[in-house]
>>> print(open('protein-v4.cif').read())   # mmCIF, all heavy atoms
data_model
loop_
_atom_site.label_atom_id
_atom_site.label_comp_id
_atom_site.auth_asym_id
_atom_site.auth_seq_id
_atom_site.Cartn_x
_atom_site.Cartn_y
_atom_site.Cartn_z
N MET A 1 -74.07 2.37 51.74
CA MET A 1 -74.92 3.12 52.65
C MET A 1 -75.36 4.41 51.96
O MET A 1 -74.56 5.16 51.42
CB MET A 1 -74.14 3.46 53.92
CG MET A 1 -74.92 4.20 54.92
SD MET A 1 -73.98 4.28 56.45
CE MET A 1 -74.56 5.82 57.05
N VAL A 2 -76.63 4.68 52.02
CA VAL A 2 -77.20 5.86 51.38
C VAL A 2 -77.48 6.90 52.46
O VAL A 2 -78.07 6.61 53.49
CB VAL A 2 -78.50 5.50 50.64
CG1 VAL A 2 -79.11 6.74 50.04
CG2 VAL A 2 -78.23 4.45 49.59
N ILE A 3 -77.01 8.11 52.20
CA ILE A 3 -77.25 9.22 53.13
C ILE A 3 -78.34 10.09 52.53
O ILE A 3 -78.28 10.49 51.37
CB ILE A 3 -75.96 10.05 53.33
CG1 ILE A 3 -74.87 9.17 53.92
CG2 ILE A 3 -76.22 11.25 54.21
CD1 ILE A 3 -73.54 9.86 54.06
N SER A 4 -79.34 10.38 53.35
CA SER A 4 -80.45 11.19 52.86
C SER A 4 -79.98 12.62 52.59
O SER A 4 -78.94 13.07 53.08
CB SER A 4 -81.60 11.20 53.86
OG SER A 4 -81.24 11.93 55.02
N GLN A 5 -80.76 13.33 51.80
CA GLN A 5 -80.40 14.71 51.45
C GLN A 5 -80.40 15.62 52.68
O GLN A 5 -79.59 16.54 52.77
CB GLN A 5 -81.37 15.25 50.40
CG GLN A 5 -81.15 14.65 49.04
CD GLN A 5 -82.08 15.26 48.00
OE1 GLN A 5 -83.01 15.99 48.33
NE2 GLN A 5 -81.83 14.94 46.74
N LYS A 6 -81.29 15.34 53.62
CA LYS A 6 -81.36 16.16 54.83
C LYS A 6 -80.08 16.01 55.66
O LYS A 6 -79.51 17.01 56.13
CB LYS A 6 -82.58 15.73 55.65
CG LYS A 6 -82.85 16.57 56.87
CD LYS A 6 -84.13 16.11 57.56
CE LYS A 6 -84.46 16.95 58.75
NZ LYS A 6 -85.70 16.52 59.41
N ILE A 7 -79.62 14.79 55.82
CA ILE A 7 -78.39 14.56 56.58
C ILE A 7 -77.19 15.11 55.82
O ILE A 7 -76.28 15.70 56.42
CB ILE A 7 -78.23 13.05 56.87
CG1 ILE A 7 -79.32 12.60 57.83
CG2 ILE A 7 -76.85 12.76 57.47
CD1 ILE A 7 -79.35 11.12 58.09
N GLN A 8 -77.16 14.95 54.51
CA GLN A 8 -76.07 15.48 53.71
C GLN A 8 -75.99 16.99 53.82
O GLN A 8 -74.91 17.56 53.93
CB GLN A 8 -76.24 15.07 52.24
CG GLN A 8 -75.11 15.50 51.35
CD GLN A 8 -73.79 14.83 51.72
OE1 GLN A 8 -73.77 13.64 51.99
NE2 GLN A 8 -72.74 15.59 51.74
N PHE A 9 -77.13 17.65 53.81
CA PHE A 9 -77.17 19.11 53.95
C PHE A 9 -76.61 19.53 55.31
O PHE A 9 -75.80 20.46 55.41
CB PHE A 9 -78.60 19.63 53.79
CG PHE A 9 -78.73 21.11 53.99
CD1 PHE A 9 -78.30 21.99 53.01
CD2 PHE A 9 -79.25 21.62 55.17
CE1 PHE A 9 -78.41 23.36 53.21
CE2 PHE A 9 -79.37 22.97 55.37
CZ PHE A 9 -78.94 23.85 54.38
N ARG A 10 -77.01 18.82 56.37
CA ARG A 10 -76.52 19.15 57.71
C ARG A 10 -75.01 18.92 57.82
O ARG A 10 -74.31 19.71 58.46
CB ARG A 10 -77.26 18.33 58.76
CG ARG A 10 -78.69 18.78 58.94
CD ARG A 10 -79.39 17.99 60.01
NE ARG A 10 -80.76 18.46 60.17
CZ ARG A 10 -81.63 17.92 60.99
NH1 ARG A 10 -81.30 16.89 61.73
NH2 ARG A 10 -82.85 18.41 61.08
N LEU A 11 -74.52 17.86 57.22
CA LEU A 11 -73.09 17.61 57.23
C LEU A 11 -72.33 18.69 56.46
O LEU A 11 -71.26 19.14 56.90
CB LEU A 11 -72.78 16.24 56.63
CG LEU A 11 -73.12 15.03 57.50
CD1 LEU A 11 -72.93 13.75 56.72
CD2 LEU A 11 -72.26 15.03 58.75
N ASN A 12 -72.87 19.12 55.34
CA ASN A 12 -72.24 20.19 54.58
C ASN A 12 -72.18 21.48 55.39
O ASN A 12 -71.16 22.17 55.38
CB ASN A 12 -72.98 20.42 53.26
CG ASN A 12 -72.76 19.32 52.27
OD1 ASN A 12 -71.82 18.54 52.39
ND2 ASN A 12 -73.64 19.23 51.29
N VAL A 13 -73.27 21.82 56.06
CA VAL A 13 -73.29 23.02 56.89
C VAL A 13 -72.27 22.89 58.03
O VAL A 13 -71.54 23.84 58.32
CB VAL A 13 -74.71 23.27 57.46
CG1 VAL A 13 -74.70 24.36 58.51
CG2 VAL A 13 -75.66 23.63 56.33
N LEU A 14 -72.18 21.73 58.63
CA LEU A 14 -71.21 21.50 59.71
C LEU A 14 -69.79 21.67 59.20
O LEU A 14 -68.98 22.38 59.81
CB LEU A 14 -71.40 20.11 60.30
CG LEU A 14 -70.36 19.69 61.34
CD1 LEU A 14 -70.51 20.51 62.60
CD2 LEU A 14 -70.46 18.22 61.63
N PHE A 15 -69.46 21.04 58.10
CA PHE A 15 -68.09 21.13 57.56
C PHE A 15 -67.74 22.55 57.13
O PHE A 15 -66.62 23.00 57.35
CB PHE A 15 -67.91 20.16 56.40
CG PHE A 15 -67.91 18.71 56.83
CD1 PHE A 15 -68.55 17.76 56.07
CD2 PHE A 15 -67.28 18.31 58.00
CE1 PHE A 15 -68.55 16.44 56.45
CE2 PHE A 15 -67.28 16.99 58.39
CZ PHE A 15 -67.91 16.04 57.62
N ILE A 16 -68.67 23.25 56.53
CA ILE A 16 -68.42 24.63 56.12
C ILE A 16 -68.20 25.52 57.34
O ILE A 16 -67.31 26.37 57.36
CB ILE A 16 -69.56 25.15 55.22
CG1 ILE A 16 -69.51 24.42 53.87
CG2 ILE A 16 -69.47 26.66 55.04
CD1 ILE A 16 -70.71 24.69 52.99
N THR A 17 -69.00 25.32 58.38
CA THR A 17 -68.86 26.10 59.60
C THR A 17 -67.50 25.85 60.25
O THR A 17 -66.81 26.80 60.66
CB THR A 17 -69.99 25.76 60.59
OG1 THR A 17 -71.25 26.00 59.96
CG2 THR A 17 -69.87 26.57 61.86
N VAL A 18 -67.11 24.59 60.34
CA VAL A 18 -65.81 24.26 60.92
C VAL A 18 -64.68 24.86 60.08
O VAL A 18 -63.71 25.41 60.63
CB VAL A 18 -65.65 22.73 61.05
CG1 VAL A 18 -64.22 22.33 61.39
CG2 VAL A 18 -66.62 22.19 62.09
N ALA A 19 -64.79 24.80 58.78
CA ALA A 19 -63.75 25.36 57.90
C ALA A 19 -63.64 26.87 58.07
O ALA A 19 -62.53 27.41 58.15
CB ALA A 19 -64.05 25.00 56.44
N VAL A 20 -64.76 27.56 58.14
CA VAL A 20 -64.75 29.02 58.30
C VAL A 20 -64.15 29.40 59.65
O VAL A 20 -63.34 30.33 59.74
CB VAL A 20 -66.17 29.60 58.13
CG1 VAL A 20 -66.24 31.05 58.57
CG2 VAL A 20 -66.63 29.46 56.69
N LEU A 21 -64.52 28.68 60.70
CA LEU A 21 -63.96 28.97 62.02
C LEU A 21 -62.46 28.71 62.05
O LEU A 21 -61.69 29.49 62.64
CB LEU A 21 -64.67 28.14 63.09
CG LEU A 21 -66.10 28.56 63.40
CD1 LEU A 21 -66.73 27.58 64.38
CD2 LEU A 21 -66.15 29.97 63.94
N ALA A 22 -62.02 27.63 61.42
CA ALA A 22 -60.59 27.31 61.39
C ALA A 22 -59.81 28.37 60.61
O ALA A 22 -58.74 28.82 61.05
CB ALA A 22 -60.38 25.94 60.78
N ILE A 23 -60.33 28.78 59.47
CA ILE A 23 -59.67 29.81 58.68
C ILE A 23 -59.61 31.12 59.44
O ILE A 23 -58.59 31.81 59.44
CB ILE A 23 -60.37 29.98 57.32
CG1 ILE A 23 -60.13 28.75 56.45
CG2 ILE A 23 -59.91 31.24 56.61
CD1 ILE A 23 -60.98 28.69 55.21
N THR A 24 -60.69 31.48 60.12
CA THR A 24 -60.72 32.71 60.90
C THR A 24 -59.70 32.66 62.03
O THR A 24 -58.93 33.61 62.24
CB THR A 24 -62.13 32.95 61.47
OG1 THR A 24 -63.05 33.01 60.40
CG2 THR A 24 -62.18 34.22 62.28
N PHE A 25 -59.68 31.55 62.77
CA PHE A 25 -58.75 31.41 63.88
C PHE A 25 -57.30 31.46 63.40
O PHE A 25 -56.47 32.16 63.97
CB PHE A 25 -59.01 30.11 64.64
CG PHE A 25 -58.06 29.90 65.79
CD1 PHE A 25 -58.25 30.57 66.98
CD2 PHE A 25 -56.99 29.03 65.67
CE1 PHE A 25 -57.37 30.40 68.03
CE2 PHE A 25 -56.11 28.84 66.71
CZ PHE A 25 -56.30 29.52 67.90
N LEU A 26 -57.00 30.73 62.34
CA LEU A 26 -55.63 30.72 61.82
C LEU A 26 -55.22 32.09 61.28
O LEU A 26 -54.07 32.49 61.41
CB LEU A 26 -55.49 29.65 60.75
CG LEU A 26 -55.56 28.21 61.27
CD1 LEU A 26 -55.56 27.21 60.12
CD2 LEU A 26 -54.43 27.92 62.24
N SER A 27 -56.16 32.80 60.67
CA SER A 27 -55.85 34.13 60.18
C SER A 27 -55.56 35.09 61.33
O SER A 27 -54.60 35.87 61.28
CB SER A 27 -57.01 34.68 59.35
OG SER A 27 -57.21 33.89 58.21
N LEU A 28 -56.38 35.03 62.37
CA LEU A 28 -56.15 35.89 63.53
C LEU A 28 -54.83 35.55 64.20
O LEU A 28 -54.10 36.44 64.64
CB LEU A 28 -57.30 35.75 64.53
CG LEU A 28 -58.64 36.35 64.11
CD1 LEU A 28 -59.71 36.00 65.13
CD2 LEU A 28 -58.52 37.85 63.94
N TYR A 29 -54.51 34.28 64.26
CA TYR A 29 -53.25 33.86 64.89
C TYR A 29 -52.06 34.32 64.07
O TYR A 29 -51.09 34.85 64.62
CB TYR A 29 -53.23 32.34 65.06
CG TYR A 29 -51.94 31.83 65.63
CD1 TYR A 29 -51.63 32.05 66.96
CD2 TYR A 29 -51.04 31.15 64.83
CE1 TYR A 29 -50.44 31.60 67.50
CE2 TYR A 29 -49.84 30.69 65.36
CZ TYR A 29 -49.55 30.91 66.69
OH TYR A 29 -48.37 30.46 67.20
N SER A 30 -52.12 34.14 62.76
CA SER A 30 -50.97 34.49 61.93
C SER A 30 -50.76 36.00 61.84
O SER A 30 -49.63 36.46 61.66
CB SER A 30 -51.12 33.90 60.52
OG SER A 30 -52.20 34.52 59.86
N LEU A 31 -51.82 36.77 61.97
CA LEU A 31 -51.69 38.22 61.93
C LEU A 31 -51.34 38.83 63.29
O LEU A 31 -51.08 40.02 63.39
CB LEU A 31 -52.99 38.85 61.41
CG LEU A 31 -53.31 38.54 59.95
CD1 LEU A 31 -54.69 39.08 59.60
CD2 LEU A 31 -52.26 39.14 59.03
N GLY A 32 -51.37 38.02 64.34
CA GLY A 32 -50.97 38.49 65.66
C GLY A 32 -52.08 39.10 66.48
O GLY A 32 -51.81 39.69 67.52
N TYR A 33 -53.30 38.98 66.03
CA TYR A 33 -54.41 39.58 66.78
C TYR A 33 -54.71 38.85 68.08
O TYR A 33 -55.21 39.45 69.03
CB TYR A 33 -55.67 39.66 65.94
CG TYR A 33 -55.60 40.72 64.86
CD1 TYR A 33 -55.67 40.38 63.52
CD2 TYR A 33 -55.47 42.05 65.20
CE1 TYR A 33 -55.61 41.35 62.54
CE2 TYR A 33 -55.40 43.03 64.23
CZ TYR A 33 -55.47 42.66 62.90
OH TYR A 33 -55.40 43.63 61.94
N LEU A 34 -54.40 37.57 68.15
CA LEU A 34 -54.66 36.83 69.39
C LEU A 34 -53.72 37.28 70.49
O LEU A 34 -54.10 37.29 71.66
CB LEU A 34 -54.53 35.32 69.15
CG LEU A 34 -55.60 34.72 68.25
CD1 LEU A 34 -55.39 33.23 68.11
CD2 LEU A 34 -56.99 35.00 68.76
N ASP A 35 -52.50 37.69 70.13
CA ASP A 35 -51.58 38.22 71.13
C ASP A 35 -52.11 39.53 71.71
O ASP A 35 -52.05 39.75 72.92
CB ASP A 35 -50.20 38.46 70.51
CG ASP A 35 -49.55 37.16 70.06
OD1 ASP A 35 -49.88 36.11 70.64
OD2 ASP A 35 -48.73 37.21 69.13
N GLU A 36 -52.63 40.37 70.84
CA GLU A 36 -53.20 41.64 71.31
C GLU A 36 -54.42 41.40 72.19
O GLU A 36 -54.61 42.08 73.20
CB GLU A 36 -53.59 42.50 70.12
CG GLU A 36 -52.42 43.00 69.31
CD GLU A 36 -52.85 43.81 68.10
OE1 GLU A 36 -53.96 44.35 68.13
OE2 GLU A 36 -52.06 43.90 67.15
N LEU A 37 -55.23 40.43 71.82
CA LEU A 37 -56.42 40.11 72.62
C LEU A 37 -56.02 39.60 74.00
O LEU A 37 -56.63 39.97 75.00
CB LEU A 37 -57.27 39.06 71.90
CG LEU A 37 -58.53 38.60 72.61
CD1 LEU A 37 -59.49 39.76 72.83
CD2 LEU A 37 -59.20 37.50 71.83
N GLU A 38 -54.98 38.79 74.05
CA GLU A 38 -54.52 38.28 75.35
C GLU A 38 -54.01 39.41 76.23
O GLU A 38 -54.26 39.43 77.44
CB GLU A 38 -53.42 37.24 75.14
CG GLU A 38 -53.01 36.57 76.43
CD GLU A 38 -52.04 35.44 76.20
OE1 GLU A 38 -51.62 35.23 75.05
OE2 GLU A 38 -51.69 34.79 77.19
N ILE A 39 -53.33 40.38 75.64
CA ILE A 39 -52.84 41.53 76.40
C ILE A 39 -54.01 42.35 76.94
O ILE A 39 -54.01 42.77 78.10
CB ILE A 39 -51.91 42.39 75.53
CG1 ILE A 39 -50.62 41.63 75.24
CG2 ILE A 39 -51.61 43.73 76.20
CD1 ILE A 39 -49.75 42.28 74.18
N ILE A 40 -55.00 42.56 76.11
CA ILE A 40 -56.18 43.33 76.54
C ILE A 40 -56.90 42.62 77.68
O ILE A 40 -57.30 43.24 78.68
CB ILE A 40 -57.13 43.57 75.35
CG1 ILE A 40 -56.48 44.53 74.35
CG2 ILE A 40 -58.47 44.10 75.82
CD1 ILE A 40 -57.21 44.64 73.04
N LEU A 41 -57.07 41.31 77.57
CA LEU A 41 -57.76 40.56 78.61
C LEU A 41 -56.94 40.49 79.90
O LEU A 41 -57.49 40.45 80.99
CB LEU A 41 -58.10 39.15 78.13
CG LEU A 41 -59.15 39.07 77.03
CD1 LEU A 41 -59.32 37.63 76.57
CD2 LEU A 41 -60.48 39.64 77.49
N ALA A 42 -55.63 40.48 79.78
CA ALA A 42 -54.76 40.41 80.96
C ALA A 42 -54.82 41.69 81.78
O ALA A 42 -54.55 41.67 82.98
CB ALA A 42 -53.33 40.11 80.55
N LYS A 43 -55.16 42.80 81.17
CA LYS A 43 -55.21 44.08 81.89
C LYS A 43 -56.25 44.07 83.00
O LYS A 43 -56.05 44.67 84.05
CB LYS A 43 -55.51 45.22 80.93
CG LYS A 43 -54.36 45.59 80.04
CD LYS A 43 -54.74 46.75 79.14
CE LYS A 43 -53.60 47.10 78.20
NZ LYS A 43 -53.96 48.19 77.29
N ASP A 44 -57.35 43.40 82.79
CA ASP A 44 -58.43 43.38 83.78
C ASP A 44 -58.46 42.09 84.57
O ASP A 44 -59.45 41.80 85.26
CB ASP A 44 -59.77 43.59 83.09
CG ASP A 44 -59.88 44.98 82.47
OD1 ASP A 44 -59.28 45.91 83.02
OD2 ASP A 44 -60.57 45.11 81.44
N ASN A 45 -57.40 41.28 84.48
CA ASN A 45 -57.29 40.01 85.22
C ASN A 45 -58.45 39.06 84.92
O ASN A 45 -59.01 38.45 85.82
CB ASN A 45 -57.18 40.26 86.72
CG ASN A 45 -55.89 40.95 87.06
OD1 ASN A 45 -54.86 40.69 86.45
ND2 ASN A 45 -55.94 41.85 88.02
N TYR A 46 -58.79 38.95 83.65
CA TYR A 46 -59.83 38.01 83.27
C TYR A 46 -59.32 36.58 83.39
O TYR A 46 -58.11 36.33 83.38
CB TYR A 46 -60.28 38.25 81.82
CG TYR A 46 -61.19 39.43 81.66
CD1 TYR A 46 -60.73 40.63 81.14
CD2 TYR A 46 -62.52 39.35 82.05
CE1 TYR A 46 -61.56 41.72 81.00
CE2 TYR A 46 -63.36 40.43 81.92
CZ TYR A 46 -62.89 41.61 81.39
OH TYR A 46 -63.71 42.67 81.26
N ILE A 47 -60.22 35.65 83.49
CA ILE A 47 -59.83 34.24 83.62
C ILE A 47 -59.35 33.66 82.30
O ILE A 47 -58.86 32.55 82.25
CB ILE A 47 -60.99 33.39 84.16
CG1 ILE A 47 -62.19 33.44 83.22
CG2 ILE A 47 -61.38 33.81 85.55
CD1 ILE A 47 -63.31 32.48 83.59
N PHE A 48 -59.47 34.42 81.20
CA PHE A 48 -59.12 33.91 79.89
C PHE A 48 -57.64 34.07 79.58
O PHE A 48 -57.19 33.62 78.55
CB PHE A 48 -59.92 34.63 78.82
CG PHE A 48 -61.40 34.54 79.02
CD1 PHE A 48 -62.13 35.66 79.36
CD2 PHE A 48 -62.05 33.33 78.89
CE1 PHE A 48 -63.50 35.57 79.55
CE2 PHE A 48 -63.41 33.23 79.09
CZ PHE A 48 -64.13 34.35 79.41
N THR A 49 -56.88 34.70 80.43
CA THR A 49 -55.47 34.94 80.11
C THR A 49 -54.71 33.62 80.06
O THR A 49 -54.94 32.73 80.86
CB THR A 49 -54.81 35.86 81.15
OG1 THR A 49 -54.96 35.28 82.44
CG2 THR A 49 -55.43 37.24 81.13
N GLY A 50 -53.84 33.52 79.09
CA GLY A 50 -53.02 32.34 78.97
C GLY A 50 -53.63 31.20 78.19
O GLY A 50 -53.00 30.18 78.00
N CYS A 51 -54.83 31.35 77.68
CA CYS A 51 -55.46 30.23 77.00
C CYS A 51 -55.24 30.29 75.49
O CYS A 51 -55.65 29.40 74.79
CB CYS A 51 -56.95 30.17 77.31
SG CYS A 51 -57.92 31.51 76.59
N PHE A 52 -54.60 31.32 74.97
CA PHE A 52 -54.44 31.42 73.52
C PHE A 52 -53.13 30.85 73.05
O PHE A 52 -53.02 30.34 71.98
CB PHE A 52 -54.59 32.87 73.06
CG PHE A 52 -55.99 33.38 73.21
CD1 PHE A 52 -56.28 34.39 74.08
CD2 PHE A 52 -57.00 32.81 72.48
CE1 PHE A 52 -57.57 34.84 74.22
CE2 PHE A 52 -58.29 33.25 72.60
CZ PHE A 52 -58.58 34.26 73.48
N TRP A 53 -52.06 30.94 73.77
CA TRP A 53 -50.74 30.35 73.50
C TRP A 53 -49.81 30.94 74.47
O TRP A 53 -49.55 31.92 74.81
CB TRP A 53 -50.18 30.58 72.12
CG TRP A 53 -50.91 30.06 70.95
CD1 TRP A 53 -50.90 30.61 69.73
CD2 TRP A 53 -51.73 28.90 70.80
NE1 TRP A 53 -51.64 29.88 68.86
CE2 TRP A 53 -52.17 28.83 69.47
CE3 TRP A 53 -52.15 27.90 71.64
CZ2 TRP A 53 -52.97 27.82 68.99
CZ3 TRP A 53 -52.96 26.91 71.17
CH2 TRP A 53 -53.35 26.87 69.84
#
>>> encode(input="protein-v4.cif", output="structure tokens")
Amino acid sequence: MVISQKIQFRLNVLFITVAVLAITFLSLYSLGYLDELEIILAKDNYIFTGCFW
């Protein structure tokens, strides 16, 4: 099966985007910033509390 250059480019952009988001999320999690964000959101009773871990 041959994949056109246009589709290959879109797949590359998709994979790079997913990789960057995953690295960002894992970095924030490992550094503890998601815990701080959850505390900040819990102060104002936002609906997002409890969704990070």
>>> atom_distance(input="protein-v4.cif", atom1="atom CE2 of Phe9 of chain A", atom2="atom CB of Leu21 of chain A")
17.4 Å
>>> atom_distance(input="protein-v4.cif", atom1="atom CG of Leu28 of chain A", atom2="atom CD1 of Ile40 of chain A")
12.3 Å
>>> atom_distance(input="protein-v4.cif", atom1="atom N of Leu14 of chain A", atom2="atom CD1 of Tyr29 of chain A")
24.5 Å
